[in-house]
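Structure data (mmCIF, C-alpha atoms) from data20.cif:
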data_target
#
loop_
_atom_site.label_atom_id
_atom_site.label_comp_id
_atom_site.auth_asym_id
_atom_site.auth_seq_id
_atom_site.Cartn_x
_atom_site.Cartn_y
_atom_site.Cartn_z
CA MET A 1 -34.00 -14.34 12.46
CA ASP A 2 -32.35 -17.64 11.55
CA ARG A 3 -28.54 -17.53 11.88
CA ARG A 4 -28.06 -18.49 8.25
CA ASP A 5 -30.36 -15.65 7.20
CA GLN A 6 -28.25 -13.33 9.34
CA LEU A 7 -25.14 -14.67 7.64
CA LEU A 8 -26.62 -13.92 4.21
CA GLY A 9 -27.62 -10.47 5.44
CA PHE A 10 -24.04 -9.71 6.45
CA LEU A 11 -22.84 -10.83 3.02
CA GLU A 12 -25.43 -8.68 1.25
CA LYS A 13 -24.12 -5.68 3.15
CA ASN A 14 -20.40 -6.40 3.01
CA ARG A 15 -20.14 -8.45 -0.24
CA ILE A 16 -17.36 -10.67 1.08
CA LEU A 17 -16.25 -11.79 4.55
CA THR A 18 -13.87 -14.25 6.15
CA ILE A 19 -14.95 -17.18 8.28
CA LYS A 20 -13.31 -15.49 11.26
CA GLN A 21 -15.28 -12.25 10.71
CA LEU A 22 -18.59 -14.10 10.39
CA ALA A 23 -17.91 -16.10 13.56
CA ARG A 24 -17.14 -12.89 15.43
CA ASP A 25 -20.18 -11.01 14.15
CA LEU A 26 -22.58 -13.90 14.78
CA HIS A 27 -21.01 -14.79 18.14
CA VAL A 28 -20.48 -18.46 17.32
CA SER A 29 -17.49 -20.69 16.66
CA GLU A 30 -15.70 -20.85 13.32
CA MET A 31 -16.69 -24.52 13.10
CA THR A 32 -20.37 -23.52 13.34
CA ILE A 33 -19.90 -20.96 10.57
CA ARG A 34 -18.17 -23.53 8.39
CA ARG A 35 -21.14 -25.88 8.78
CA ASP A 36 -23.58 -23.08 7.94
CA VAL A 37 -21.52 -22.04 4.93
CA ALA A 38 -21.32 -25.63 3.67
CA LEU A 39 -25.13 -25.88 3.70
CA LEU A 40 -25.54 -22.50 1.99
CA ALA A 41 -22.95 -23.42 -0.63
CA LYS A 42 -24.79 -26.69 -1.30
CA ALA A 43 -27.92 -24.60 -1.88
CA SER A 44 -25.91 -22.37 -4.29
CA LYS A 45 -26.49 -19.29 -2.13
CA VAL A 46 -22.83 -18.55 -1.42
CA LYS A 47 -19.39 -19.13 -2.94
CA THR A 48 -16.50 -20.24 -0.81
CA PHE A 49 -12.78 -19.73 -1.31
CA TYR A 50 -9.68 -20.05 0.84
CA GLY A 51 -10.72 -18.64 4.23
CA GLY A 52 -13.74 -16.69 3.05
CA VAL A 53 -17.26 -16.50 1.71
CA SER A 54 -19.18 -14.36 -0.78
CA LEU A 55 -22.71 -14.33 -2.10
CA ASN A 56 -23.13 -16.43 -5.21
CA ALA A 57 -22.90 -13.32 -7.41
CA GLY A 58 -20.74 -10.25 -7.89
CA ILE A 59 -17.43 -11.44 -6.41
CA ASP A 60 -14.75 -13.49 -8.10
CA ALA A 61 -13.92 -16.61 -6.14
CA PRO A 62 -12.32 -18.65 -8.92
CA GLU A 63 -11.59 -22.31 -9.15
CA LYS A 64 -8.24 -23.10 -7.62
CA GLY A 65 -5.47 -23.77 -10.10
CA ASN A 66 -6.84 -21.56 -12.87
CA TYR A 67 -4.22 -18.83 -12.53
CA ARG A 68 -1.37 -18.71 -15.04
CA ILE A 69 0.80 -15.63 -15.29
CA ASP A 70 1.37 -16.22 -19.02
CA ASN A 71 -2.34 -15.48 -19.54
CA GLU A 72 -2.18 -12.34 -17.40
CA LEU A 73 0.83 -10.95 -19.25
CA ILE A 74 -1.29 -10.41 -22.38
CA ARG A 75 -4.24 -8.76 -20.64
CA LYS A 76 -4.69 -5.00 -20.14
CA THR A 77 -1.11 -4.49 -21.26
CA GLU A 78 -1.29 -0.73 -21.85
CA ILE A 79 -2.86 -0.10 -18.45
CA LYS A 80 -0.30 -2.31 -16.74
CA LYS A 81 2.55 -0.56 -18.52
CA ARG A 82 1.31 2.85 -17.36
CA ILE A 83 1.06 1.62 -13.79
CA ALA A 84 4.55 0.10 -13.97
CA GLN A 85 6.03 3.24 -15.51
CA LYS A 86 4.61 5.37 -12.71
CA ALA A 87 5.96 2.93 -10.13
CA ALA A 88 9.44 3.10 -11.67
CA SER A 89 9.34 6.90 -11.46
CA LEU A 90 9.21 6.58 -7.66
CA ILE A 91 12.60 4.84 -7.56
CA GLU A 92 15.32 7.14 -6.22
CA PRO A 93 19.11 6.98 -6.70
CA HIS A 94 20.75 4.02 -4.93
CA ASP A 95 17.43 2.53 -3.84
CA VAL A 96 17.28 -1.13 -2.93
CA ILE A 97 14.00 -2.37 -4.34
CA LEU A 98 11.98 -5.57 -4.41
CA ILE A 99 9.82 -6.55 -7.38
CA ASP A 100 7.08 -9.02 -6.53
CA THR A 101 5.90 -11.68 -8.94
CA GLY A 102 3.07 -10.44 -11.15
CA SER A 103 2.10 -9.33 -14.64
CA THR A 104 2.10 -5.61 -13.78
CA THR A 105 5.16 -5.58 -11.53
CA SER A 106 7.23 -7.37 -14.17
CA SER A 107 7.02 -4.32 -16.45
CA ILE A 108 8.81 -2.09 -13.92
CA VAL A 109 12.17 -3.37 -15.15
CA ASP A 110 11.58 -1.77 -18.56
CA TYR A 111 11.38 1.69 -17.00
CA ILE A 112 14.31 1.66 -14.60
CA PRO A 113 16.65 4.26 -16.15
CA GLU A 114 19.91 3.07 -17.65
CA GLY A 115 22.98 3.93 -15.62
CA SER A 116 21.11 3.84 -12.32
CA ASP A 117 22.78 2.24 -9.33
CA HIS A 118 20.07 0.04 -7.85
CA THR A 119 19.88 -3.36 -6.23
CA VAL A 120 16.85 -5.45 -7.13
CA TYR A 121 15.54 -8.35 -5.05
CA CYS A 122 13.27 -10.73 -6.98
CA TYR A 123 11.99 -14.31 -7.00
CA ALA A 124 10.11 -14.75 -10.29
CA LEU A 125 11.90 -16.26 -13.30
CA ASN A 126 10.65 -13.71 -15.84
CA ILE A 127 11.71 -10.82 -13.60
CA ILE A 128 15.06 -12.42 -12.77
CA ASN A 129 15.76 -12.82 -16.50
CA SER A 130 14.80 -9.18 -17.19
CA VAL A 131 16.90 -7.60 -14.45
CA CYS A 132 19.92 -9.80 -15.21
CA GLU A 133 19.94 -8.41 -18.75
CA LYS A 134 20.46 -4.90 -17.33
CA GLU A 135 24.18 -4.62 -16.64
CA TYR A 136 23.67 -1.49 -14.54
CA LEU A 137 21.46 -3.31 -12.01
CA ASN A 138 22.68 -5.33 -9.04
CA VAL A 139 20.51 -8.41 -8.65
CA VAL A 140 19.68 -10.63 -5.68
CA ALA A 141 17.61 -13.60 -6.84
CA CYS A 142 15.84 -15.90 -4.41
CA GLY A 143 15.72 -19.53 -5.45
CA GLY A 144 13.77 -22.59 -4.42
CA TYR A 145 11.04 -24.77 -5.87
CA TYR A 146 9.88 -23.41 -9.23
CA HIS A 147 6.12 -22.98 -9.72
CA LYS A 148 5.35 -22.87 -13.44
CA ASN A 149 1.96 -21.16 -13.22
CA THR A 150 3.35 -18.06 -11.46
CA LYS A 151 7.00 -18.42 -12.58
CA MET A 152 7.90 -18.00 -8.90
CA PHE A 153 10.67 -19.68 -6.89
CA GLU A 154 9.54 -20.62 -3.39
CA SER A 155 11.67 -21.56 -0.39
CA GLU A 156 12.17 -20.77 3.29
CA GLU A 157 15.74 -19.82 2.42
CA GLY A 158 14.50 -17.26 -0.09
CA ALA A 159 12.16 -15.70 2.44
CA SER A 160 14.96 -15.64 5.03
CA LEU A 161 17.28 -13.93 2.55
CA ILE A 162 14.74 -11.16 2.08
CA LYS A 163 14.16 -10.81 5.83
CA ARG A 164 17.85 -9.99 6.24
CA ALA A 165 17.70 -7.24 3.62
CA SER A 166 17.15 -3.51 3.99
CA ILE A 167 14.73 -2.63 1.21
CA ASN A 168 13.67 0.93 0.43
CA LYS A 169 10.68 0.12 -1.77
CA ALA A 170 8.74 -3.10 -2.30
CA PHE A 171 6.58 -3.13 -5.42
CA MET A 172 3.84 -5.63 -4.71
CA ALA A 173 1.19 -7.32 -6.83
CA ALA A 174 -2.28 -8.72 -6.09
CA ARG A 175 -5.03 -10.77 -7.68
CA GLY A 176 -7.76 -9.21 -5.57
CA VAL A 177 -8.28 -6.28 -3.22
CA THR A 178 -11.22 -5.88 -0.84
CA ASP A 179 -11.81 -3.93 2.33
CA PHE A 180 -12.97 -6.89 4.38
CA VAL A 181 -10.61 -9.63 3.26
CA GLY A 182 -7.60 -7.52 2.29
CA ILE A 183 -5.00 -8.18 -0.38
CA THR A 184 -5.11 -11.63 -1.90
CA THR A 185 -3.00 -13.54 -4.35
CA ALA A 186 -3.35 -16.57 -6.57
CA GLU A 187 -1.61 -19.28 -4.55
CA SER A 188 -1.02 -19.92 -0.85
CA TYR A 189 2.66 -20.73 -1.45
CA GLU A 190 3.21 -17.05 -2.31
CA ILE A 191 2.23 -15.80 1.14
CA ASN A 192 5.47 -16.44 3.03
CA ILE A 193 7.81 -14.55 0.71
CA LYS A 194 5.37 -11.67 0.21
CA LYS A 195 5.02 -11.24 3.96
CA ALA A 196 8.81 -11.32 4.25
CA ALA A 197 9.05 -8.52 1.67
CA LEU A 198 6.57 -6.34 3.55
CA SER A 199 8.30 -6.94 6.88
CA VAL A 200 11.59 -5.32 5.80
CA SER A 201 10.52 -2.62 3.35
CA GLU A 202 10.44 1.07 4.21
CA GLN A 203 7.76 1.74 1.59
CA LYS A 204 5.15 -0.76 0.43
CA ILE A 205 3.69 0.06 -2.97
CA LEU A 206 0.84 -1.96 -4.46
CA LEU A 207 0.47 -2.08 -8.25
CA VAL A 208 -3.00 -3.22 -9.23
CA ASP A 209 -5.30 -2.50 -12.15
CA SER A 210 -8.82 -1.36 -11.30
CA SER A 211 -10.44 -4.68 -12.27
CA LYS A 212 -8.90 -6.32 -9.17
CA PHE A 213 -10.91 -4.27 -6.66
CA GLY A 214 -13.85 -6.10 -5.10
CA LYS A 215 -12.37 -9.49 -5.91
CA ALA A 216 -10.80 -12.08 -3.64
CA TRP A 217 -8.63 -15.08 -4.35
CA TYR A 218 -7.49 -17.86 -2.04
CA ALA A 219 -4.45 -16.49 -0.29
CA LYS A 220 -4.48 -13.31 1.79
CA TYR A 221 -1.03 -11.91 2.39
CA ALA A 222 -1.72 -8.42 3.76
CA ASP A 223 -4.30 -6.03 5.08
CA LEU A 224 -4.97 -3.01 2.93
CA THR A 225 -3.56 -0.72 5.62
CA GLU A 226 -0.14 -2.36 5.31
CA MET A 227 0.36 -0.53 2.02
CA ASP A 228 1.71 3.02 1.89
CA THR A 229 0.79 3.66 -1.74
CA ILE A 230 -1.54 2.10 -4.28
CA ILE A 231 -1.07 2.73 -8.00
CA THR A 232 -4.02 1.92 -10.25
CA ASP A 233 -5.82 3.16 -13.36
CA ALA A 234 -8.69 5.56 -13.99
CA GLY A 235 -11.22 2.73 -14.08
CA ILE A 236 -11.27 2.52 -10.28
CA LYS A 237 -14.74 3.10 -8.83
CA GLU A 238 -15.41 6.03 -6.50
CA ALA A 239 -16.27 3.67 -3.63
CA TYR A 240 -12.82 2.10 -3.79
CA LYS A 241 -11.12 5.49 -4.06
CA LYS A 242 -12.89 6.56 -0.88
CA MET A 243 -12.02 3.30 0.85
CA ILE A 244 -8.32 3.76 0.11
CA LEU A 245 -8.16 7.45 1.01
CA ASP A 246 -10.16 6.94 4.21
CA LYS A 247 -7.48 4.53 5.35
CA GLY A 248 -4.78 7.15 4.85
CA ILE A 249 -3.17 5.34 1.92
CA ASN A 250 -1.60 7.38 -0.87
CA LEU A 251 -3.54 6.75 -4.09
CA ILE A 252 -1.99 7.34 -7.51
CA ILE A 253 -4.19 7.03 -10.59
CA VAL A 254 -2.61 6.82 -14.05
#
Go through the file and emit its structure as structure tokens.
Amino acid sequence: MDRRDQLLGFLEKNRILTIKQLARDLHVSEMTIRRDVALLAKASKVKTFYGGVSLNAGIDAPEKGNYRIDNELIRKTEIKKRIAQKAASLIEPHDVILIDTGSTTSSIVDYIPEGSDHTVYCYALNIINSVCEKEYLNVVACGGYYHKNTKMFESEEGASLIKRASINKAFMAARGVTDFVGITTAESYEINIKKAALSVSEQKILLVDSSKFGKAWYAKYADLTEMDTIITDAGIKEAYKKMILDKGINLIIV
């Protein structure tokens, strides 16, 4: 069988794979795979995105630069609120928490009970504004270059600040979740601070609505197994439920 036919066969079976995985499975170099993928993409047989490949159907591999959090904040609002409310219920007295940038995670602030003694680490403008309005919350805001499409501040200093913290629970967001690629986000500049958050958190909790499963964006920041808990909605397909539970991850459906 031709190597490119084998490549397509792997994608038909697995839906989405990284360049590294394809090179390993086909026993060739990553450069060889990139050449094969370029030819298949030219023939409209595959889609490419940052670090990965999918068949030209069934997987979201969107055009870079299309993501704007303002658009996401008005989508699936009731589902996202239920997910956020459940996440907030996991917060215990005196917890130090981190709230990642995202349209679902941003709603957590609305459900943190008044009078609680919590410290919140954050790096997105909309979340910083929300937590600073709550006089009963202690806030640590990470600054840096401001990205308007995600409302996120990015800097090495911000990531370093988080790495020095002791965080009980990190509430993380994602644009896509797949078994083979992992957890992906909208922009590559988000990776460093998200990885910093995961590196110092006792519990890693992913908030993601069911529409995100089976989709991949440009920037992978974690493997699925790095999460302790995933909170999603009842629209999640049985195959993804099984995938999560088989990996020993706590799954909460709201």
task = Decode the PyMOL selection byres ((chain A and resi 100) around 10) for the given file into explicit residues and return them as a PyMOL selection string.
result = chain A and resi 97-99+101-106+121-124+127+152+170-174+190+193-194+197+206-207
Contacts of Tyr145 of chain A within 8 Å, all atoms listed in the file, excl. fewer than 3 positions in-chain, as a ChimeraX atom specification = /A:153-155
Since we have the selection now, will you write its residues out, keeping C-alpha atoms, as a PDB file, in the frame of the given file?
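Output (out.pdb):
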ATOM      1  CA  PHE A 153      10.670 -19.680  -6.890  1.00  0.00           C
ATOM      2  CA  GLU A 154       9.540 -20.620  -3.390  1.00  0.00           C
ATOM      3  CA  SER A 155      11.670 -21.560  -0.390  1.00  0.00           C
TER       4      SER A 155
END
query = In Å to one decimal, how far is atom CA of Gln21 of chain A from atom CA of Asp2 of chain A?
reply = 17.9 Å
request  = Carefully work through the PyMOL selection byres ((chain A and resi 32-45) around 8) for this structure and note down the residues it includes, as a PyMOL selection string.
outcome  = chain A and resi 4+19+22-23+28-31+46-48+53+55-56
request  = Name the closest residue to Ser116 of chain A among the candidates A:Glu238, A:Asp25, A:Glu135, A:Asp5; distances are taken between atoms, counting all atoms listed in the file.
outcome  = A:Glu135
key: Atomic separation - atom CA of Lys81 of chain A relative to atom CA of Glu133 of chain A, Å   =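 Computing it gives 19.1 Å between the two atoms.
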request  = Compare A:Lys20, A:His27, A:Lys148, A:Lys80 by their minimum atom-to-atom distance to Ala234 of chain A, counting all atoms listed in the file, and give me the closest one.
outcome  =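 Using all atoms listed in the file, Ala234 of chain A sits closest to A:Lys80.
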query = How many Å lie between atom CA of Arg24 of chain A and atom CA of Ser188 of chain A, rounded to one decimal?
reply =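 Between atom CA of Arg24 of chain A and atom CA of Ser188 of chain A the gap is 24.0 Å.
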key: Residue nearest Thr229 of chain A among A:Gln203, A:Ser210, A:Gln85, A:Ser160 (counting all atoms listed in the file)   =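 Smallest distance to Thr229 of chain A is found for A:Gln203.
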request  = Find the residues near Gly235 of chain A: any atom within 10 Å, counting all atoms listed in the file, skip ones fewer than 5 places away on the same chain, and give them as number ranges by chain.
outcome  = A: 79, 209-211, 253-254
task = Could you list the residues chosen by the PyMOL selection byres ((chain A and resi 136) around 9) in this structure as a list in words?
result = Glu114, Gly115, Ser116, Asp117, His118, Glu133, Lys134, Glu135, Leu137 and Asn138 of chain A
ask   = Using only C-alpha atoms, which of the listed residues (A:Leu26, A:Val96, A:Ala88, A:Met243) sits closest to Tyr111 of chain A?
value =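 Result for the nearest residue to Tyr111 of chain A: A:Ala88.
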task = For the point (-1.3, 7.6, 4.6) in the file's frame, write as a PyMOL selection string all residues with an atom no more than 12 Å away, counting only C-alpha atoms.
result = chain A and resi 203-205+224-230+244-251
request  = Give the answer as one residue: which of A:Val200, A:Ile231, A:Leu7, A:Ala165 has the shortest atom-to-atom distance to Ala87 of chain A, using all atoms listed in the file?
outcome  =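 With all atoms listed in the file as the atom set, the closest residue is A:Ile231.
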request  = Name the closest residue to Tyr146 of chain A among the candidates A:Pro113, A:Ser107, A:Tyr189, A:Ala84; distances are taken between atoms, counting all atoms listed in the file.
outcome  =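 For Tyr146 of chain A, the nearest of the given residues is A:Tyr189.
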task = Tell me which protein, DNA and RNA residues are within 9 Å of Asp95 of chain A, counting all atoms listed in the file, leaving out same-chain ones fewer than 3 positions away, and put them as a list in words.
result =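 Neighbouring residues, sequence-local ones excluded: Ile91, Glu92, Asp117, His118, Thr119, Val120, Ile167, Asn168 and Lys169 of chain A.
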message = With all atoms listed in the file as the counted atoms, please give the residues lying no more than 8 Å from Ala219 of chain A, apart from itself and same-chain residues fewer than 6 positions off, as number ranges by chain.
response = A: 50, 184-188, 190-191
message = Show me, as a ChimeraX atom specification, the residues that have an atom within 8 Å of Val177 of chain A when counting all atoms listed in the file, minus same-chain residues fewer than 4 positions from it.
response = /A:181-184,212-216,224
